[in-house]
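Text of coords.txt, listed as compact mmCIF, C-alpha atoms:
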```txt
# COMPACT_ATOMS: atom_id res chain seq x y z
CA MET A 857 10.21 -24.52 33.28
CA LYS A 858 7.12 -24.52 35.40
CA TYR A 859 5.13 -21.82 37.15
CA ILE A 860 1.72 -20.40 37.93
CA LEU A 861 0.54 -17.22 39.54
CA ILE A 862 -2.84 -17.67 41.24
CA VAL A 863 -3.41 -14.54 43.31
CA ILE A 864 -6.30 -15.13 45.72
CA ASN A 865 -7.44 -11.83 47.16
CA THR A 866 -8.91 -12.65 50.58
CA LEU A 867 -8.97 -9.33 52.39
CA LEU A 868 -8.90 -5.70 51.24
CA ILE A 869 -6.77 -3.48 53.48
CA SER A 870 -6.38 0.18 52.57
CA VAL A 871 -2.87 1.64 52.76
CA SER A 872 -2.22 5.40 52.87
CA PHE A 873 0.41 5.71 50.11
CA PRO A 874 -0.61 8.89 48.22
CA LEU A 875 0.44 9.44 44.63
CA LEU A 876 -0.02 13.08 43.76
CA GLY A 877 -1.38 14.75 40.66
CA ASN A 878 -3.38 11.96 38.99
CA ASP A 879 -6.70 13.18 37.65
CA THR A 880 -9.55 10.90 36.69
CA LEU A 881 -9.37 9.42 33.21
CA ILE A 882 -12.45 8.11 31.43
CA LEU A 883 -11.27 5.47 28.98
CA ASN A 884 -13.15 4.81 25.76
CA GLY A 885 -15.88 2.26 26.18
CA ASN A 886 -15.89 2.13 29.99
CA THR A 887 -18.96 4.32 30.36
CA ASN A 888 -20.99 2.31 27.83
CA SER A 889 -21.26 -0.85 29.95
CA PRO A 890 -24.88 -1.71 30.80
CA ILE A 891 -25.99 -1.19 34.42
CA ARG A 892 -28.02 -4.24 35.37
CA PHE A 893 -29.05 -3.41 38.95
CA HIS A 894 -29.45 0.32 39.45
CA ARG A 895 -29.88 0.26 43.23
CA LEU A 896 -26.73 -1.79 43.76
CA TYR A 897 -24.88 0.44 41.32
CA SER A 898 -25.93 3.53 43.31
CA ALA A 899 -24.68 1.89 46.49
CA GLN A 900 -21.44 0.99 44.75
CA GLN A 901 -20.88 4.61 43.73
CA LYS A 902 -21.78 5.84 47.21
CA TYR A 903 -19.53 3.54 49.23
CA LEU A 904 -16.62 3.35 46.79
CA SER A 905 -16.51 7.08 46.08
CA TRP A 906 -13.88 7.57 48.79
CA ILE A 907 -11.44 5.59 46.66
CA ASP A 908 -11.50 8.19 43.90
CA LYS A 909 -9.96 11.41 45.19
CA LYS A 910 -9.04 14.16 42.77
CA HIS A 911 -5.50 14.60 43.98
CA ARG A 912 -4.69 11.27 45.63
CA ASP A 913 -4.68 7.60 44.79
CA PHE A 914 -4.97 5.12 47.63
CA PRO A 915 -3.39 1.76 46.77
CA PHE A 916 -4.65 -1.36 48.46
CA GLY A 917 -2.42 -3.87 50.19
CA LEU A 918 -3.73 -7.41 49.83
CA PRO A 919 -2.56 -10.75 51.18
CA ALA A 920 -1.62 -12.96 48.22
CA ILE A 921 -1.12 -16.68 47.80
CA ALA A 922 0.14 -18.49 44.71
CA TYR A 923 1.29 -21.93 43.63
CA ASN A 924 3.42 -23.64 41.04
CA LYS A 925 5.06 -27.03 40.96
CA TYR A 926 8.60 -25.89 41.79
CA ASP A 927 8.10 -22.86 43.99
CA GLY A 928 5.33 -24.71 45.80
CA ILE A 929 2.90 -22.61 47.80
CA GLN A 930 3.91 -18.96 47.69
CA ILE A 931 2.79 -16.42 50.25
CA GLY A 932 3.20 -12.67 50.15
CA ALA A 933 1.38 -9.45 49.41
CA ALA A 934 0.04 -7.47 46.47
CA LEU A 935 -0.13 -3.70 46.03
CA ILE A 936 -2.91 -2.52 43.74
CA ASN A 937 -4.22 0.96 43.01
CA LEU A 938 -7.80 -0.20 42.68
CA LYS A 939 -9.94 2.73 41.54
CA GLN A 940 -13.18 3.42 39.84
CA PRO A 941 -13.11 5.25 37.48
CA VAL A 942 -9.62 4.52 36.17
CA LYS A 943 -6.76 6.93 36.84
CA HIS A 944 -3.90 7.88 34.56
CA LEU A 945 -1.51 5.70 36.53
CA ASP A 946 -2.45 2.02 36.77
CA PHE A 947 -0.25 -0.43 38.62
CA THR A 948 -0.30 -3.85 40.27
CA SER A 949 2.56 -5.68 41.93
CA THR A 950 3.09 -8.85 43.96
CA LEU A 951 5.96 -10.00 46.16
CA LEU A 952 5.93 -13.72 46.98
CA TYR A 953 8.10 -16.23 48.84
CA GLY A 954 8.18 -19.81 47.53
CA ILE A 955 8.11 -22.26 50.44
CA ALA A 956 9.47 -25.19 48.40
CA SER A 957 12.08 -23.28 46.38
CA LYS A 958 12.95 -20.79 49.15
CA LYS A 959 13.15 -18.10 46.46
CA ILE A 960 11.68 -14.61 46.15
CA ASN A 961 9.28 -14.23 43.21
CA GLY A 962 6.91 -11.57 42.01
CA THR A 963 5.29 -9.50 39.31
CA ALA A 964 4.88 -5.81 38.50
CA ASN A 965 2.66 -4.13 35.93
CA LEU A 966 2.77 -0.36 35.38
CA GLN A 967 0.73 1.56 32.79
CA TYR A 968 0.22 5.26 32.21
CA SER A 969 -2.75 6.37 30.11
CA ILE A 970 -2.96 9.62 28.17
CA GLN A 971 -6.12 10.67 26.37
CA PRO A 972 -5.45 13.50 23.88
CA LYS A 973 -8.34 15.93 23.52
CA LYS A 974 -7.88 16.85 19.86
CA SER A 975 -6.20 14.01 18.04
CA VAL A 976 -6.92 11.01 15.86
CA VAL A 977 -5.30 8.99 18.66
CA SER A 978 -7.86 8.45 21.42
CA LEU A 979 -5.48 6.78 23.89
CA ILE A 980 -1.70 6.60 24.37
CA GLN A 981 -0.59 3.99 26.89
CA PRO A 982 3.07 3.26 27.65
CA GLY A 983 3.65 0.37 30.03
CA LEU A 984 6.17 -1.87 31.72
CA GLN A 985 5.80 -5.45 32.97
CA PHE A 986 8.12 -7.60 35.05
CA GLN A 987 7.84 -11.12 36.44
CA SER A 988 10.14 -13.71 37.97
CA PHE A 989 9.45 -17.30 39.06
CA SER A 990 11.19 -20.65 39.18
CA TYR A 991 11.20 -23.31 36.50
CA TYR A 992 12.77 -26.74 36.19
CA ASP A 993 15.60 -27.88 33.95
CA ASN A 994 16.46 -31.45 34.89
CA PRO A 995 17.87 -31.98 37.49
CA LYS A 996 17.72 -28.50 39.02
CA VAL A 997 15.22 -25.76 39.86
CA LEU A 998 16.28 -22.51 38.20
CA LYS A 999 15.01 -18.94 37.88
CA TYR A 1000 13.85 -16.74 35.04
CA TYR A 1001 13.29 -12.98 34.83
CA LYS A 1002 11.19 -11.24 32.23
CA ILE A 1003 10.92 -7.51 31.53
CA SER A 1004 8.55 -6.22 28.89
CA PRO A 1005 8.17 -2.51 27.98
CA SER A 1006 5.25 -1.66 25.68
CA LEU A 1007 3.45 1.17 23.90
CA THR A 1008 -0.21 1.02 22.86
CA LEU A 1009 -2.10 3.49 20.65
CA ASN A 1010 -5.88 3.40 20.33
CA PHE A 1011 -7.73 4.99 17.43
CA ARG A 1012 -11.49 5.42 17.51
CA HIS A 1013 -13.92 7.01 15.09
CA ARG A 1014 -15.53 10.17 16.43
CA SER A 1015 -18.62 9.97 14.22
CA GLU A 1016 -21.69 8.38 15.80
CA LYS A 1017 -22.15 5.88 12.96
CA LEU A 1018 -18.62 4.49 13.31
CA GLU A 1019 -18.13 4.78 17.08
CA LYS A 1020 -18.40 0.98 17.48
CA TYR A 1021 -15.20 0.47 15.49
CA GLU A 1022 -11.88 0.53 17.30
CA HIS A 1023 -8.30 0.29 16.01
CA THR A 1024 -5.27 -0.50 18.17
CA ILE A 1025 -1.56 -0.60 17.37
CA SER A 1026 0.79 -1.94 20.00
CA PHE A 1027 4.51 -2.59 20.26
CA ARG A 1028 6.03 -4.80 22.94
CA ASN A 1029 9.55 -5.97 23.62
CA HIS A 1030 9.95 -9.28 25.44
CA THR A 1031 13.34 -9.77 27.08
CA VAL A 1032 13.80 -12.99 29.04
CA PHE A 1033 16.80 -13.73 31.25
CA GLN A 1034 16.98 -17.28 32.49
CA LYS A 1035 19.49 -19.59 34.03
CA ASP A 1036 20.22 -22.57 31.77
CA LEU A 1037 22.31 -25.62 32.52
CA THR A 1038 25.56 -25.99 30.58
CA TYR A 1039 27.08 -29.48 30.62
CA PHE A 1040 30.81 -30.15 30.38
CA LEU A 1041 33.21 -33.06 30.88
CA ALA A 1042 34.73 -32.75 34.37
CA ASP A 1043 36.91 -35.80 33.85
CA ILE A 1044 36.96 -38.90 31.72
CA ASN A 1045 34.08 -40.53 33.59
CA THR A 1046 32.13 -37.56 34.93
CA ILE A 1047 29.81 -35.10 33.19
CA ALA A 1048 29.16 -32.00 35.30
CA PHE A 1049 26.95 -28.96 34.76
CA LYS A 1050 26.75 -25.34 35.77
CA ASP A 1051 24.00 -22.78 35.43
CA THR A 1052 24.65 -19.73 33.29
CA LEU A 1053 22.48 -16.69 32.66
CA THR A 1054 21.19 -16.53 29.07
CA ARG A 1055 19.15 -13.88 27.28
CA PHE A 1056 16.44 -14.12 24.65
CA TYR A 1057 14.42 -11.27 23.15
CA ALA A 1058 11.55 -10.81 20.73
CA ASN A 1059 9.87 -7.66 19.42
CA VAL A 1060 6.16 -7.90 18.67
CA ILE A 1061 4.04 -5.38 16.78
CA GLN A 1062 0.31 -5.95 16.56
CA TYR A 1063 -2.61 -4.28 14.83
CA THR A 1064 -6.11 -5.07 16.15
CA PHE A 1065 -9.50 -4.14 14.75
CA LYS A 1066 -12.67 -4.51 16.84
CA ARG A 1067 -16.35 -4.06 16.21
CA ASN A 1068 -17.84 -3.50 19.67
CA ASP A 1069 -21.39 -4.61 19.00
CA VAL A 1070 -23.58 -6.49 21.47
CA ASN A 1071 -25.34 -8.45 18.75
CA PHE A 1072 -22.50 -9.27 16.35
CA PRO A 1073 -19.06 -8.55 17.82
CA PHE A 1074 -15.99 -9.11 15.64
CA SER A 1075 -12.26 -8.72 16.12
CA ALA A 1076 -9.19 -9.35 13.97
CA SER A 1077 -5.50 -8.94 14.67
CA LEU A 1078 -2.29 -9.08 12.66
CA ASN A 1079 0.84 -9.96 14.62
CA ILE A 1080 4.51 -9.76 13.50
CA GLU A 1081 7.24 -11.12 15.78
CA GLN A 1082 10.97 -10.62 15.26
CA SER A 1083 13.94 -12.05 17.10
CA ARG A 1084 17.57 -12.84 16.38
CA TYR A 1085 16.63 -16.23 14.93
CA PHE A 1086 13.35 -15.71 13.07
CA ILE A 1087 10.60 -13.42 11.82
CA LYS A 1088 7.08 -14.80 11.84
CA ALA A 1089 3.59 -13.44 11.26
CA SER A 1090 0.14 -14.55 12.34
CA PHE A 1091 -3.48 -13.52 11.79
CA GLU A 1092 -6.41 -14.22 14.09
CA ALA A 1093 -10.10 -13.40 13.66
CA ASN A 1094 -12.95 -13.99 16.13
CA SER A 1095 -16.68 -13.62 15.55
CA PHE A 1096 -19.91 -14.54 17.31
CA ILE A 1097 -23.33 -15.42 15.90
CA ARG A 1098 -26.08 -15.43 18.51
CA TYR A 1099 -28.90 -17.94 18.64
CA GLN A 1100 -31.75 -15.58 19.52
CA LEU A 1101 -32.49 -11.88 19.95
CA LYS A 1102 -33.35 -12.00 23.64
CA ASP A 1103 -30.11 -13.66 24.70
CA TYR A 1104 -26.78 -12.18 23.61
CA LYS A 1105 -24.66 -14.68 25.51
CA THR A 1106 -25.43 -17.91 23.67
CA GLY A 1107 -24.52 -18.67 20.08
CA VAL A 1108 -21.79 -19.89 17.76
CA HIS A 1109 -18.21 -18.72 18.35
CA LEU A 1110 -15.86 -18.83 15.35
CA ARG A 1111 -12.09 -18.39 15.41
CA LEU A 1112 -9.69 -18.43 12.45
CA PHE A 1113 -5.91 -18.57 12.84
CA ALA A 1114 -3.14 -18.50 10.23
CA GLY A 1115 0.57 -18.33 10.97
CA GLY A 1116 3.78 -18.59 9.00
CA PHE A 1117 7.51 -17.90 9.16
CA MET A 1118 8.83 -15.12 6.96
CA TRP A 1119 12.49 -15.81 7.78
CA ARG A 1120 14.42 -18.30 9.90
CA SER A 1121 18.08 -18.55 10.84
CA ASN A 1122 20.32 -21.52 10.09
CA ASP A 1123 21.76 -21.20 13.59
CA TYR A 1124 21.80 -24.55 15.41
CA ARG A 1125 20.05 -22.98 18.42
CA PHE A 1126 17.02 -22.29 16.27
CA ARG A 1127 17.03 -25.71 14.66
CA ARG A 1128 17.11 -27.60 17.95
CA SER A 1129 14.17 -25.67 19.42
CA SER A 1130 10.71 -26.48 18.12
CA ASP A 1131 9.07 -24.38 20.85
CA VAL A 1132 9.31 -21.16 18.80
CA GLY A 1133 7.18 -22.71 16.05
CA PHE A 1134 3.42 -22.64 15.57
CA ASN A 1135 1.33 -25.43 17.06
CA LEU A 1136 -2.02 -26.93 16.15
CA ASN A 1137 -2.67 -27.57 19.82
CA GLY A 1138 -3.20 -24.84 22.38
CA LYS A 1139 0.20 -23.79 23.68
CA ARG A 1140 1.57 -25.80 26.62
CA GLY A 1141 3.99 -24.47 29.22
CA GLU A 1142 7.23 -25.58 27.61
CA GLN A 1143 6.14 -23.95 24.33
CA ASP A 1144 5.49 -20.56 25.97
CA TYR A 1145 9.01 -19.30 25.28
CA LEU A 1146 7.97 -15.65 25.84
CA TYR A 1147 6.48 -16.42 29.27
CA ASN A 1148 3.20 -14.73 28.37
CA ASP A 1149 1.01 -17.07 30.39
CA PHE A 1150 1.01 -18.79 33.76
CA TYR A 1151 1.09 -22.58 34.13
CA ILE A 1152 0.80 -25.03 36.99
CA GLY A 1153 3.68 -27.01 35.54
CA ARG A 1154 5.97 -25.83 32.77
CA ASN A 1155 7.62 -28.69 30.87
CA GLU A 1156 5.22 -31.20 32.41
CA GLN A 1157 4.28 -33.70 29.74
CA GLU A 1158 2.07 -36.04 31.75
CA ASN A 1159 -0.34 -35.97 34.69
CA PHE A 1160 -2.72 -33.14 35.48
CA ALA A 1161 -0.26 -30.23 35.21
CA GLY A 1162 0.93 -31.36 31.78
CA ARG A 1163 -2.53 -31.01 30.25
CA GLN A 1164 -2.90 -27.25 30.72
CA ILE A 1165 -3.15 -25.27 27.47
CA THR A 1166 -3.73 -21.65 26.50
CA LYS A 1167 -5.81 -20.06 23.76
CA SER A 1168 -3.20 -19.54 21.07
CA ASP A 1169 -2.11 -20.83 17.65
CA GLY A 1170 -4.35 -23.67 16.41
CA PHE A 1171 -5.98 -24.13 19.85
CA PHE A 1172 -6.69 -27.84 19.43
CA LYS A 1173 -7.76 -29.44 22.70
CA VAL A 1174 -5.57 -32.52 22.11
CA SER A 1175 -1.78 -32.72 22.00
CA THR A 1176 1.12 -35.15 21.68
CA PRO A 1177 3.71 -33.90 24.24
CA LEU A 1178 5.80 -37.08 24.34
CA ASN A 1179 6.66 -36.81 20.64
CA SER A 1180 9.94 -35.03 19.86
CA VAL A 1181 8.03 -32.93 17.32
CA GLU A 1182 4.35 -32.70 18.12
CA THR A 1183 1.62 -33.41 15.61
CA GLY A 1184 0.97 -30.19 13.72
CA GLN A 1185 4.05 -28.38 15.03
CA THR A 1186 5.79 -26.30 12.37
CA VAL A 1187 8.30 -23.56 11.62
CA ASP A 1188 6.76 -23.11 8.17
CA TRP A 1189 3.01 -22.45 8.27
CA LEU A 1190 -0.39 -23.65 9.43
CA LEU A 1191 -4.11 -22.83 9.18
CA ALA A 1192 -6.74 -23.60 11.81
CA MET A 1193 -10.39 -22.96 12.62
CA ASN A 1194 -12.12 -23.37 15.97
CA ILE A 1195 -15.90 -23.69 16.34
CA ARG A 1196 -17.68 -23.55 19.69
CA LEU A 1197 -21.41 -24.03 20.20
CA ASP A 1198 -23.02 -22.68 23.37
CA PHE A 1199 -25.77 -24.58 25.14
CA PRO A 1200 -28.94 -22.67 24.12
CA VAL A 1201 -29.79 -21.78 27.72
CA LYS A 1202 -28.16 -18.81 29.42
CA TYR A 1203 -25.65 -19.50 32.23
CA VAL A 1204 -25.33 -23.24 31.42
CA PRO A 1205 -21.54 -23.82 31.06
CA LEU A 1206 -21.81 -26.85 28.75
CA LYS A 1207 -20.54 -26.29 25.19
CA LEU A 1208 -19.47 -28.29 22.14
CA PHE A 1209 -16.21 -27.72 20.28
CA PHE A 1210 -14.81 -28.73 16.90
CA ASP A 1211 -11.33 -27.87 15.56
CA LEU A 1212 -9.91 -28.13 12.04
CA GLY A 1213 -6.34 -27.51 10.97
CA TYR A 1214 -3.70 -28.03 8.29
CA SER A 1215 0.05 -27.74 8.93
CA TYR A 1216 3.15 -27.86 6.72
CA ASP A 1217 6.74 -28.21 7.96
CA ASN A 1218 9.97 -28.84 6.12
CA HIS A 1219 12.56 -27.71 8.69
CA LEU A 1220 12.05 -29.16 12.18
CA ASN A 1221 13.25 -32.63 11.26
CA PRO A 1222 16.12 -32.43 8.74
CA ASN A 1223 16.12 -36.24 8.41
CA ASN A 1224 12.79 -36.16 6.60
CA ILE A 1225 13.27 -35.99 2.85
CA LEU A 1226 9.66 -34.96 2.30
CA PRO A 1227 7.86 -32.23 4.27
CA VAL A 1228 5.59 -33.23 7.14
CA LYS A 1229 2.09 -32.01 6.35
CA GLY A 1230 -1.48 -33.02 6.89
CA PHE A 1231 -5.04 -32.22 7.86
CA GLN A 1232 -6.06 -32.77 11.50
CA TYR A 1233 -9.26 -32.41 13.52
CA ASP A 1234 -10.73 -32.97 16.97
CA GLY A 1235 -14.08 -32.47 18.70
CA GLY A 1236 -15.96 -33.04 21.92
CA PHE A 1237 -17.66 -31.20 24.77
CA MET A 1238 -16.40 -28.71 27.34
CA PHE A 1239 -17.35 -26.69 30.41
CA SER A 1240 -16.55 -22.98 30.55
CA PHE A 1241 -16.56 -20.80 33.68
CA PHE A 1242 -15.71 -17.21 34.71
CA ASP A 1243 -16.03 -15.66 31.23
CA GLU A 1244 -13.66 -18.24 29.67
CA GLY A 1245 -11.17 -17.88 32.52
CA PHE A 1246 -11.36 -21.59 33.37
CA GLU A 1247 -12.35 -24.31 30.90
CA ILE A 1248 -12.22 -28.13 30.85
CA TYR A 1249 -12.15 -30.01 27.53
CA PHE A 1250 -13.31 -33.60 26.92
CA PRO A 1251 -12.26 -34.74 23.41
CA LEU A 1252 -14.45 -37.50 21.97
CA PHE A 1253 -13.04 -37.90 18.47
CA TYR A 1254 -9.86 -36.86 16.63
CA SER A 1255 -7.80 -37.61 13.52
CA LYS A 1256 -5.64 -40.70 12.99
CA GLU A 1257 -2.34 -39.26 14.28
CA TYR A 1258 -3.91 -38.41 17.65
CA LYS A 1259 -5.63 -41.80 17.84
CA GLN A 1260 -2.31 -43.58 17.39
CA TYR A 1261 -0.62 -41.40 20.00
CA TYR A 1262 -3.35 -41.89 22.62
CA LYS A 1263 -3.48 -45.65 22.00
CA SER A 1264 0.22 -45.90 22.89
CA ASN A 1265 0.64 -43.17 25.52
CA ALA A 1266 -2.75 -42.25 27.01
CA PRO A 1267 -5.17 -45.19 26.76
CA LYS A 1268 -7.53 -43.93 29.51
CA PHE A 1269 -10.12 -41.28 28.76
CA GLY A 1270 -9.11 -39.19 31.77
CA GLN A 1271 -5.56 -38.89 30.40
CA ARG A 1272 -6.90 -37.01 27.37
CA VAL A 1273 -8.81 -34.33 29.26
CA SER A 1274 -7.16 -30.90 29.00
CA PHE A 1275 -7.93 -27.59 30.65
CA LEU A 1276 -7.38 -23.85 30.31
CA LEU A 1277 -6.62 -21.55 33.24
CA ASP A 1278 -6.34 -17.89 32.21
CA ILE A 1279 -5.05 -16.05 35.28
CA HIS A 1280 -5.33 -12.70 33.49
CA LYS A 1281 -9.13 -13.05 33.37
CA LEU A 1282 -9.36 -14.17 36.99
CA GLU A 1283 -7.61 -11.18 38.56
CA LEU A 1284 -10.06 -10.06 41.22
CA HIS A 1285 -8.99 -6.42 41.27
CA ARG A 1286 -9.73 -5.99 37.57
CA ILE A 1287 -13.13 -7.67 37.96
CA ILE A 1288 -14.02 -5.26 40.78
CA ARG A 1289 -12.80 -2.26 38.78
CA ASN A 1290 -15.02 -3.10 35.77
CA MET A 1291 -17.97 -4.21 37.88
CA LYS A 1292 -21.29 -2.46 37.35
CA PHE A 1293 -24.13 -4.15 39.16
```
As structure tokens - that is how I would like this structure written.
Amino acid sequence: MKYILIVINTLLISVSFPLLGNDTLILNGNTNSPIRFHRLYSAQQKYLSWIDKKHRDFPFGLPAIAYNKYDGIQIGAALINLKQPVKHLDFTSTLLYGIASKKINGTANLQYSIQPKKSVVSLIQPGLQFQSFSYYDNPKVLKYYKISPSLTLNFRHRSEKLEKYEHTISFRNHTVFQKDLTYFLADINTIAFKDTLTRFYANVIQYTFKRNDVNFPFSASLNIEQSRYFIKASFEANSFIRYQLKDYKTGVHLRLFAGGFMWRSNDYRFRRSSDVGFNLNGKRGEQDYLYNDFYIGRNEQENFAGRQITKSDGFFKVSTPLNSVETGQTVDWLLAMNIRLDFPVKYVPLKLFFDLGYSYDNHLNPNNILPVKGFQYDGGFMFSFFDEGFEIYFPLFYSKEYKQYYKSNAPKFGQRVSFLLDIHKLELHRIIRNMKF
């Protein structure tokens, strides 16, 4: 299961597709962004004002190119209603053709925002997401389809003293249809296979609290996920302590994560899949069972594509993909803390990282009489670009279990380097929309 969506917007071409009756919507917090260059901002408002018409939205058609290991290079187009300020209706979509797979792929994201005038709810936002790409199940390239309806409610204090505090409750259903290979005995000496369409779903409800402060921002979220085979909960908190008053961008970043299973099924399909568990390492492609993120190579365990991780769970920068059950993987519970130190000079991408974690599992391997548990750590240096959209991690030290794994499976230093590629943060149309010079 391997895929990535890297949309490179090379040319903006306006398309006259009017959508009627969408008035301008000022979302909470958008007008509070600092304007750094007033002359450029004035020019931006002057020359982009034609985009924002009271009764019409003008979507943009953009050439799009993407890549993943099994679709290969994908070419197509994107349709985006790029506006500033934001309208009620917000949509993006891509239609792509994979040259290697010869398959049609694409994404769609539709959101409608309602801002009640007299209500404790400051924003109501129903939405719908869809995506479809190819993945690999040895020995065949297959397809998956994901549809995800959602509803988000924002609550914000109206008093001036508490206006920095924001509360969000969201509900999202993840339904994944994918073609899996089913093996059967064709004759005495031949094992054959056929691909069948399977379905998996999970419902996720999340509460998020944010303190939107330039000096000391803080956020915390509580997440509960339910499916046919399990119910699990997780908590994540992020804070930032700056080094000095004159520079808000450099300091110490702290992240705390705790996750545990509240219920698990005895069904064999749950027991044979460790991917639904929590992981000390940042999630790799084959562990992203909800298809939330985009990867260069899903299910890759070696080489460059196999070292891509995402910021989730324990978020260690090291992993043990060749083990049947990875170090720190669990369907019971784990605790983890991530510490990142910025270089004390603005705009220098060099940072230091240090991760701590403890995991406990008594279900993934039924042959173990005693539970698998232990304290793990790793640390090193990293480079971070594009507001954490692309990061490269160089681990220098780690706990004994990782040392033993690397000694046997990845003896060279370059084989231990991992990276993060967050396509959601690199979407050019969203950067332009939020841009204030």
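Interatomic distance, atom CA of Gly1245 of chain A to atom CA of Lys1281 of chain A: 5.3 Å.
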### Query
Smallest atom-to-atom distance to Gly954 of chain A: which of A:Leu1208, A:Met1118, A:Val1201, A:Ile921, using all atoms listed in the file?
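Ranking A:Leu1208, A:Met1118, A:Val1201, A:Ile921 by distance to Gly954 of chain A, first place goes to A:Ile921.
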### Message
With 8 Å as the threshold, what does the neighbourhood of (9.0, -18.3, 7.5) contain in terms of residues, counting all atoms listed in the file? Coordinates are those of the file; answer as a ChimeraX atom specification.
### Response
/A:1086-1088,1116-1120,1187-1189
### Query
With only C-alpha atoms as the basis for distance, which of A:Phe1269, A:Gly1213, A:Ala964, A:Lys959 is at the shortest distance from Leu935 of chain A?
A:Ala964
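Between atom CA of Ile1152 of chain A and atom CA of Leu1136 of chain A there is a distance of 21.1 Å.
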### Query
List as a ChimeraX atom specification: which residues have an atom within 6 Å of (5.4, -14.3, 51.2), counting all atoms listed in the file?
/A:931-932,952-953
### Query
What is the distance between atom CA of Gly1115 of chain A and atom CA of Asp1169 of chain A, in Å to one decimal?
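Pair atom CA of Gly1115 of chain A / atom CA of Asp1169 of chain A returns 7.6 Å.
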### Task
Please identify all polymer residues within 10 Å of Leu1146 of chain A, counting all atoms listed in the file, omitting same-chain residues fewer than 2 positions from it, and present them as a VMD selection string.
chain A and resid 1002 1004 1030 to 1032 1056 to 1058 1132 1143 to 1144 1148 to 1149
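Of the listed residues A:Ile936, A:Ile1025, A:Ile955, A:Val1060, the one whose atoms come nearest to Val977 of chain A is A:Ile1025, with distances taken using all atoms listed in the file.
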### Message
Using all atoms listed in the file for the distances, tell me which of A:Val1204, A:Leu1220, A:Ile1165, A:Ile980 is nearest to Gly1133 of chain A.
### Response
A:Leu1220
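Using all atoms listed in the file, the smallest distance between any of A:Leu1078, A:Ile960, A:Ala1161, A:Leu1190 and Lys999 of chain A comes from A:Ile960.
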### Message
I'd like the contact shell of Ala934 of chain A - 7 Å cut-off, all atoms listed in the file, skipping same-chain residues fewer than 3 positions apart - returned as a ChimeraX atom specification.
### Response
/A:917-920,949-951
